[in-house]
Structure formats: C-alpha cells, structure tokens
file start26.tsv (TSV, N, CA, C and O atoms)
chain	number	residue	atom	x	y	z
A	62	MET	N	7.84	-22.44	-9.66
A	62	MET	CA	7.76	-21.96	-11.03
A	62	MET	C	6.61	-20.96	-11.16
A	62	MET	O	5.56	-21.12	-10.57
A	63	ILE	N	6.84	-19.94	-11.92
A	63	ILE	CA	5.82	-18.93	-12.17
A	63	ILE	C	5.20	-19.23	-13.53
A	63	ILE	O	5.88	-19.19	-14.56
A	64	THR	N	3.92	-19.53	-13.52
A	64	THR	CA	3.24	-19.89	-14.76
A	64	THR	C	3.08	-18.67	-15.67
A	64	THR	O	3.13	-17.52	-15.20
A	65	ASP	N	2.87	-18.92	-16.95
A	65	ASP	CA	2.63	-17.83	-17.89
A	65	ASP	C	1.39	-17.04	-17.50
A	65	ASP	O	1.36	-15.81	-17.61
A	66	GLU	N	0.38	-17.75	-17.03
A	66	GLU	CA	-0.87	-17.09	-16.62
A	66	GLU	C	-0.63	-16.14	-15.45
A	66	GLU	O	-1.12	-15.01	-15.43
A	67	TYR	N	0.16	-16.61	-14.46
A	67	TYR	CA	0.44	-15.75	-13.30
A	67	TYR	C	1.35	-14.59	-13.70
A	67	TYR	O	1.20	-13.48	-13.20
A	68	TRP	N	2.28	-14.83	-14.61
A	68	TRP	CA	3.16	-13.76	-15.11
A	68	TRP	C	2.31	-12.65	-15.73
A	68	TRP	O	2.55	-11.46	-15.50
A	69	LEU	N	1.30	-13.03	-16.52
A	69	LEU	CA	0.40	-12.05	-17.14
A	69	LEU	C	-0.44	-11.32	-16.10
A	69	LEU	O	-0.68	-10.12	-16.23
A	70	GLU	N	-0.87	-12.03	-15.07
A	70	GLU	CA	-1.63	-11.39	-13.99
A	70	GLU	C	-0.77	-10.33	-13.30
A	70	GLU	O	-1.22	-9.22	-13.04
A	71	ILE	N	0.49	-10.67	-13.04
A	71	ILE	CA	1.41	-9.71	-12.43
A	71	ILE	C	1.58	-8.50	-13.36
A	71	ILE	O	1.53	-7.36	-12.91
A	72	SER	N	1.77	-8.75	-14.65
A	72	SER	CA	1.91	-7.66	-15.62
A	72	SER	C	0.73	-6.71	-15.56
A	72	SER	O	0.90	-5.49	-15.50
A	73	HIS	N	-0.45	-7.26	-15.57
A	73	HIS	CA	-1.68	-6.45	-15.53
A	73	HIS	C	-1.74	-5.63	-14.24
A	73	HIS	O	-2.04	-4.44	-14.27
A	74	ASP	N	-1.44	-6.25	-13.13
A	74	ASP	CA	-1.52	-5.56	-11.84
A	74	ASP	C	-0.44	-4.49	-11.70
A	74	ASP	O	-0.68	-3.44	-11.09
A	75	LEU	N	0.74	-4.73	-12.26
A	75	LEU	CA	1.81	-3.72	-12.20
A	75	LEU	C	1.44	-2.50	-13.01
A	75	LEU	O	1.77	-1.36	-12.64
A	76	GLU	N	0.75	-2.69	-14.13
A	76	GLU	CA	0.35	-1.58	-14.98
A	76	GLU	C	-0.55	-0.61	-14.22
A	76	GLU	O	-0.54	0.60	-14.47
A	77	GLN	N	-1.31	-1.12	-13.27
A	77	GLN	CA	-2.19	-0.27	-12.47
A	77	GLN	C	-1.39	0.66	-11.56
A	77	GLN	O	-1.88	1.71	-11.17
A	78	HIS	N	-0.17	0.25	-11.19
A	78	HIS	CA	0.67	1.09	-10.32
A	78	HIS	C	1.44	2.13	-11.13
A	78	HIS	O	1.50	3.28	-10.75
A	79	HIS	N	2.05	1.71	-12.23
A	79	HIS	CA	2.71	2.64	-13.14
A	79	HIS	C	3.23	1.86	-14.34
A	79	HIS	O	3.72	0.74	-14.20
A	80	ALA	N	3.17	2.48	-15.49
A	80	ALA	CA	3.61	1.83	-16.73
A	80	ALA	C	5.09	1.46	-16.70
A	80	ALA	O	5.50	0.50	-17.34
A	81	LEU	N	5.91	2.21	-15.93
A	81	LEU	CA	7.33	1.87	-15.83
A	81	LEU	C	7.54	0.49	-15.23
A	81	LEU	O	8.40	-0.27	-15.69
A	82	PHE	N	6.78	0.16	-14.21
A	82	PHE	CA	6.92	-1.15	-13.57
A	82	PHE	C	6.46	-2.25	-14.52
A	82	PHE	O	7.08	-3.31	-14.63
A	83	TYR	N	5.38	-1.99	-15.23
A	83	TYR	CA	4.86	-2.93	-16.23
A	83	TYR	C	5.92	-3.18	-17.31
A	83	TYR	O	6.21	-4.32	-17.66
A	84	GLN	N	6.50	-2.11	-17.83
A	84	GLN	CA	7.51	-2.25	-18.89
A	84	GLN	C	8.75	-2.97	-18.40
A	84	GLN	O	9.31	-3.81	-19.10
A	85	CYS	N	9.19	-2.63	-17.21
A	85	CYS	CA	10.38	-3.27	-16.64
A	85	CYS	C	10.14	-4.77	-16.48
A	85	CYS	O	10.98	-5.59	-16.85
A	86	TRP	N	8.97	-5.14	-15.93
A	86	TRP	CA	8.62	-6.56	-15.75
A	86	TRP	C	8.58	-7.28	-17.10
A	86	TRP	O	9.03	-8.40	-17.23
A	87	ASN	N	8.06	-6.61	-18.12
A	87	ASN	CA	7.96	-7.22	-19.44
A	87	ASN	C	9.30	-7.29	-20.17
A	87	ASN	O	9.42	-7.99	-21.17
A	88	MET	N	10.30	-6.57	-19.69
A	88	MET	CA	11.66	-6.68	-20.24
A	88	MET	C	12.44	-7.80	-19.58
A	88	MET	O	13.58	-8.07	-19.94
A	89	GLY	N	11.82	-8.44	-18.60
A	89	GLY	CA	12.55	-9.43	-17.83
A	89	GLY	C	11.94	-10.81	-17.83
A	89	GLY	O	10.93	-11.06	-18.49
A	90	ARG	N	12.58	-11.64	-17.06
A	90	ARG	CA	12.14	-13.01	-16.87
A	90	ARG	C	12.29	-13.35	-15.39
A	90	ARG	O	13.33	-13.10	-14.79
A	91	PRO	N	11.26	-13.95	-14.80
A	91	PRO	CA	11.39	-14.36	-13.41
A	91	PRO	C	12.21	-15.64	-13.29
A	91	PRO	O	12.09	-16.54	-14.13
A	92	VAL	N	13.05	-15.67	-12.27
A	92	VAL	CA	13.90	-16.83	-12.02
A	92	VAL	C	13.78	-17.17	-10.54
A	92	VAL	O	13.90	-16.27	-9.70
A	93	LEU	N	13.55	-18.42	-10.21
A	93	LEU	CA	13.55	-18.85	-8.82
A	93	LEU	C	14.90	-19.49	-8.53
A	93	LEU	O	15.34	-20.39	-9.25
A	94	SER	N	15.55	-19.01	-7.46
A	94	SER	CA	16.88	-19.51	-7.12
A	94	SER	C	17.13	-19.35	-5.63
A	94	SER	O	16.83	-18.30	-5.05
A	95	ASP	N	17.73	-20.36	-5.04
A	95	ASP	CA	18.09	-20.26	-3.62
A	95	ASP	C	19.44	-19.58	-3.41
A	95	ASP	O	19.95	-19.53	-2.32
A	96	LYS	N	19.99	-19.00	-4.47
A	96	LYS	CA	21.26	-18.28	-4.37
A	96	LYS	C	21.09	-16.88	-3.78
A	96	LYS	O	22.07	-16.22	-3.49
A	97	VAL	N	19.83	-16.43	-3.67
A	97	VAL	CA	19.55	-15.14	-3.04
A	97	VAL	C	18.66	-15.38	-1.83
A	97	VAL	O	17.90	-16.35	-1.78
A	98	ASP	N	18.76	-14.50	-0.83
A	98	ASP	CA	17.95	-14.66	0.38
A	98	ASP	C	16.49	-14.28	0.14
A	98	ASP	O	15.59	-14.93	0.67
A	99	THR	N	16.27	-13.22	-0.61
A	99	THR	CA	14.90	-12.76	-0.85
A	99	THR	C	14.69	-12.54	-2.34
A	99	THR	O	14.08	-13.36	-3.01
A	100	ALA	N	15.17	-11.40	-2.87
A	100	ALA	CA	14.99	-11.07	-4.28
A	100	ALA	C	16.10	-10.15	-4.75
A	100	ALA	O	16.72	-9.45	-3.94
A	101	CYS	N	16.34	-10.18	-6.04
A	101	CYS	CA	17.29	-9.24	-6.64
A	101	CYS	C	16.97	-9.14	-8.13
A	101	CYS	O	16.17	-9.90	-8.66
A	102	ILE	N	17.60	-8.18	-8.77
A	102	ILE	CA	17.42	-7.99	-10.20
A	102	ILE	C	18.80	-7.83	-10.82
A	102	ILE	O	19.70	-7.25	-10.21
A	103	ALA	N	18.95	-8.36	-12.02
A	103	ALA	CA	20.23	-8.26	-12.72
A	103	ALA	C	19.99	-8.44	-14.21
A	103	ALA	O	19.02	-9.08	-14.61
A	104	PHE	N	20.86	-7.85	-15.01
A	104	PHE	CA	20.82	-8.14	-16.43
A	104	PHE	C	21.44	-9.52	-16.63
A	104	PHE	O	22.35	-9.92	-15.91
A	105	ASN	N	20.94	-10.25	-17.62
A	105	ASN	CA	21.53	-11.55	-17.88
A	105	ASN	C	22.96	-11.37	-18.36
A	105	ASN	O	23.41	-10.25	-18.58
A	106	ARG	N	23.64	-12.44	-18.52
A	106	ARG	CA	25.06	-12.42	-18.86
A	106	ARG	C	25.37	-11.58	-20.09
A	106	ARG	O	26.40	-10.93	-20.18
A	107	TYR	N	24.47	-11.56	-21.05
A	107	TYR	CA	24.71	-10.85	-22.30
A	107	TYR	C	24.02	-9.49	-22.37
A	107	TYR	O	24.05	-8.82	-23.39
A	108	GLY	N	23.37	-9.08	-21.28
A	108	GLY	CA	22.69	-7.80	-21.24
A	108	GLY	C	21.45	-7.74	-22.10
A	108	GLY	O	21.00	-6.66	-22.47
A	109	GLU	N	20.88	-8.89	-22.41
A	109	GLU	CA	19.73	-8.97	-23.31
A	109	GLU	C	18.40	-8.71	-22.61
A	109	GLU	O	17.47	-8.21	-23.22
A	110	PHE	N	18.30	-9.09	-21.35
A	110	PHE	CA	17.06	-8.92	-20.60
A	110	PHE	C	17.36	-8.92	-19.11
A	110	PHE	O	18.46	-9.27	-18.68
A	111	LEU	N	16.38	-8.50	-18.35
A	111	LEU	CA	16.50	-8.48	-16.89
A	111	LEU	C	16.09	-9.84	-16.33
A	111	LEU	O	15.18	-10.48	-16.85
A	112	GLU	N	16.74	-10.23	-15.27
A	112	GLU	CA	16.33	-11.41	-14.53
A	112	GLU	C	15.83	-10.96	-13.17
A	112	GLU	O	16.57	-10.31	-12.42
A	113	PHE	N	14.57	-11.24	-12.89
A	113	PHE	CA	14.01	-11.01	-11.57
A	113	PHE	C	14.23	-12.30	-10.80
A	113	PHE	O	13.57	-13.31	-11.08
A	114	ILE	N	15.16	-12.28	-9.88
A	114	ILE	CA	15.55	-13.50	-9.17
A	114	ILE	C	14.90	-13.50	-7.79
A	114	ILE	O	15.08	-12.55	-7.02
A	115	PHE	N	14.15	-14.55	-7.53
A	115	PHE	CA	13.43	-14.68	-6.26
A	115	PHE	C	13.82	-15.98	-5.58
A	115	PHE	O	13.88	-17.03	-6.24
A	116	ASN	N	14.06	-15.90	-4.29
A	116	ASN	CA	14.23	-17.12	-3.52
A	116	ASN	C	12.87	-17.82	-3.48
A	116	ASN	O	11.87	-17.19	-3.14
A	117	PRO	N	12.80	-19.11	-3.83
A	117	PRO	CA	11.50	-19.78	-3.89
A	117	PRO	C	10.76	-19.82	-2.56
A	117	PRO	O	9.53	-19.68	-2.52
A	118	ASP	N	11.48	-19.97	-1.45
A	118	ASP	CA	10.83	-19.98	-0.13
A	118	ASP	C	10.27	-18.60	0.20
A	118	ASP	O	9.17	-18.48	0.73
A	119	PHE	N	11.05	-17.56	-0.12
A	119	PHE	CA	10.58	-16.20	0.09
A	119	PHE	C	9.35	-15.93	-0.76
A	119	PHE	O	8.35	-15.39	-0.29
A	120	TRP	N	9.41	-16.30	-2.04
A	120	TRP	CA	8.30	-16.07	-2.97
A	120	TRP	C	7.02	-16.72	-2.46
A	120	TRP	O	5.95	-16.13	-2.51
A	121	LYS	N	7.13	-17.94	-1.97
A	121	LYS	CA	5.95	-18.66	-1.46
A	121	LYS	C	5.40	-18.04	-0.19
A	121	LYS	O	4.22	-18.16	0.10
A	122	SER	N	6.26	-17.39	0.57
A	122	SER	CA	5.87	-16.88	1.89
A	122	SER	C	5.13	-15.54	1.85
A	122	SER	O	4.58	-15.11	2.85
A	123	ILE	N	5.14	-14.87	0.70
A	123	ILE	CA	4.52	-13.55	0.61
A	123	ILE	C	3.27	-13.61	-0.27
A	123	ILE	O	3.16	-14.43	-1.18
A	124	ASP	N	2.35	-12.69	0.01
A	124	ASP	CA	1.10	-12.66	-0.77
A	124	ASP	C	1.30	-11.88	-2.08
A	124	ASP	O	2.36	-11.31	-2.33
A	125	HIS	N	0.27	-11.88	-2.89
A	125	HIS	CA	0.34	-11.27	-4.22
A	125	HIS	C	0.70	-9.78	-4.14
A	125	HIS	O	1.56	-9.31	-4.89
A	126	TYR	N	0.06	-9.05	-3.25
A	126	TYR	CA	0.33	-7.61	-3.13
A	126	TYR	C	1.79	-7.36	-2.74
A	126	TYR	O	2.44	-6.47	-3.29
A	127	THR	N	2.32	-8.15	-1.84
A	127	THR	CA	3.71	-8.00	-1.42
A	127	THR	C	4.65	-8.36	-2.56
A	127	THR	O	5.69	-7.73	-2.74
A	128	ARG	N	4.28	-9.34	-3.36
A	128	ARG	CA	5.08	-9.68	-4.54
A	128	ARG	C	5.15	-8.49	-5.49
A	128	ARG	O	6.23	-8.20	-6.02
A	129	LEU	N	4.02	-7.82	-5.69
A	129	LEU	CA	4.03	-6.63	-6.55
A	129	LEU	C	4.96	-5.56	-5.99
A	129	LEU	O	5.72	-4.93	-6.73
A	130	PHE	N	4.91	-5.37	-4.67
A	130	PHE	CA	5.79	-4.39	-4.03
A	130	PHE	C	7.26	-4.76	-4.26
A	130	PHE	O	8.07	-3.90	-4.62
A	131	VAL	N	7.60	-6.02	-4.07
A	131	VAL	CA	8.99	-6.46	-4.25
A	131	VAL	C	9.43	-6.26	-5.69
A	131	VAL	O	10.54	-5.78	-5.95
A	132	ILE	N	8.57	-6.58	-6.64
A	132	ILE	CA	8.90	-6.40	-8.05
A	132	ILE	C	9.13	-4.91	-8.34
A	132	ILE	O	10.12	-4.54	-9.00
A	133	CYS	N	8.25	-4.05	-7.85
A	133	CYS	CA	8.42	-2.60	-8.04
A	133	CYS	C	9.72	-2.12	-7.41
A	133	CYS	O	10.45	-1.31	-8.01
A	134	HIS	N	10.02	-2.61	-6.23
A	134	HIS	CA	11.27	-2.26	-5.54
A	134	HIS	C	12.47	-2.64	-6.40
A	134	HIS	O	13.40	-1.84	-6.58
A	135	GLU	N	12.46	-3.84	-6.94
A	135	GLU	CA	13.58	-4.29	-7.77
A	135	GLU	C	13.66	-3.47	-9.06
A	135	GLU	O	14.76	-3.14	-9.51
A	136	CYS	N	12.53	-3.13	-9.65
A	136	CYS	CA	12.52	-2.27	-10.84
A	136	CYS	C	13.18	-0.92	-10.55
A	136	CYS	O	13.91	-0.39	-11.40
A	137	LEU	N	12.92	-0.39	-9.38
A	137	LEU	CA	13.50	0.91	-9.03
A	137	LEU	C	15.01	0.87	-8.96
A	137	LEU	O	15.68	1.87	-9.24
A	138	HIS	N	15.61	-0.28	-8.64
A	138	HIS	CA	17.07	-0.40	-8.67
A	138	HIS	C	17.58	-0.12	-10.10
A	138	HIS	O	18.60	0.55	-10.26
A	139	VAL	N	16.88	-0.62	-11.08
A	139	VAL	CA	17.29	-0.40	-12.49
A	139	VAL	C	16.95	1.03	-12.92
A	139	VAL	O	17.80	1.72	-13.50
A	140	ILE	N	15.74	1.46	-12.63
A	140	ILE	CA	15.30	2.78	-13.06
A	140	ILE	C	16.17	3.89	-12.48
A	140	ILE	O	16.53	4.84	-13.17
A	141	LEU	N	16.51	3.76	-11.21
A	141	LEU	CA	17.30	4.79	-10.53
A	141	LEU	C	18.81	4.55	-10.60
A	141	LEU	O	19.59	5.33	-10.06
A	142	ASN	N	19.19	3.47	-11.26
A	142	ASN	CA	20.58	3.11	-11.44
A	142	ASN	C	21.30	2.95	-10.11
A	142	ASN	O	22.30	3.49	-9.80
call {"tool": "encode", "arguments": {"input": "start26.tsv", "output": "structure tokens"}}
result
Amino acid sequence: MITDEYWLEISHDLEQHHALFYQCWNMGRPVLSDKVDTACIAFNRYGEFLEFIFNPDFWKSIDHYTRLFVICHECLHVILN
C-alpha cells in the first residue's frame, strides 16, 4: 500500500522533474496489483481518473528514484498518446 504521506512525497519529487508529471500523478491513483508484471497506466472504467498500476513485488524491488522514473515513463504513455 502506498501511504498518503508517500504519495505526497512522490508528488513533490515529480514536480522537480516537470509539472506535467506532477499533474499526471495528481490526476491518478496508485493501485498495487499482481495482474501486471511491472507497471502500467490506464483510465479507470468510467474515464474519471488514471490508475497507476504497479506490481507489488516490482514496486518493493526498486528504489525511490527508479519509482519516479517508472511513473514518468507511464505518464508519457498518456501524454504522447
């Protein structure tokens, strides 16, 4: 589970890379699921918000900086369509 405190820390750190990543992260919700091997991004069923889906084992295995990279990578899928 990603705590609210850690979610805010990620938000703050993403803003340092670019406001687009910060905004994209704030439009979404992190979800931990073993249905994906590593990570993916998708709009929820109703198109209301983004779901950042992370495999929990993958999420635990990477450090904070790598997590930021993965989040930025997933944001680029949406930004670049």
call {"tool": "atom_distance", "arguments": {"input": "start26.tsv", "atom1": "CA of Gly89 (chain A)", "atom2": "atom O of Ser122 (chain A)"}}
result
22.9 Å
call {"tool": "closest_atom_pairs", "arguments": {"input": "start26.tsv", "of": "region 94-126 of chain A", "to": "region 69-87 of chain A", "cutoff": "8 Å", "atoms": "only N, CA, C and O atoms", "output": "Markdown table"}}
result
| residue | atom | partner | partner_atom | distance |
| --- | --- | --- | --- | --- |
| A:Phe110 | C | A:Cys85 | O | 7.5 |
| A:Leu111 | CA | A:Cys85 | O | 6.2 |
| A:Glu112 | N | A:Cys85 | O | 7.6 |
| A:Phe113 | N | A:Trp86 | O | 7.6 |
| A:His125 | O | A:Ile71 | CA | 7.6 |
call {"tool": "closest_residue", "arguments": {"input": "start26.tsv", "among": "A:Ala100, A:Leu129, A:Ile114, A:Met88", "to": "Tyr67 (chain A)", "atoms": "only C-alpha atoms"}}
result
A:Leu129
call {"tool": "select_by_dssp", "arguments": {"input": "start26.tsv", "residues": "chain A", "states": "alpha helix (DSSP H)", "output": "JSON, numbers by chain"}}
result
{"A": [65, 66, 67, 68, 69, 70, 71, 72, 73, 74, 75, 76, 77, 78, 80, 81, 82, 83, 84, 85, 86, 87, 117, 118, 119, 120, 121, 122, 125, 126, 127, 128, 129, 130, 131, 132, 133, 134, 135, 136, 137, 138, 139, 140]}
call {"tool": "axis_aligned_box", "arguments": {"input": "start26.tsv", "around": "region 104-117 of chain A", "padding_each_side": "4 Å", "output": "lines of an AutoDock Vina configuration file"}}
result
center_x = 18.0
center_y = -13.2
center_z = -13.0
size_x = 24.9
size_y = 21.2
size_z = 28.9
call {"tool": "select_by_dssp", "arguments": {"input": "start26.tsv", "residues": "region 70-141 of chain A", "states": "strand (DSSP E or B)", "output": "VMD selection string"}}
result
chain A and resid 89 to 93 100 to 104 111 to 115
call {"tool": "atom_distance", "arguments": {"input": "start26.tsv", "atom1": "CA of Asp98 (chain A)", "atom2": "atom N of Asp65 (chain A)"}}
result
23.4 Å
call {"tool": "closest_residue", "arguments": {"input": "start26.tsv", "among": "A:Met62, A:Ile123, A:Leu141, A:Cys136", "to": "Cys101 (chain A)", "atoms": "all atoms listed in the file"}}
result
A:Cys136
call {"tool": "atom_distance", "arguments": {"input": "start26.tsv", "atom1": "CA of Arg106 (chain A)", "atom2": "CA of Val131 (chain A)"}}
result
22.5 Å
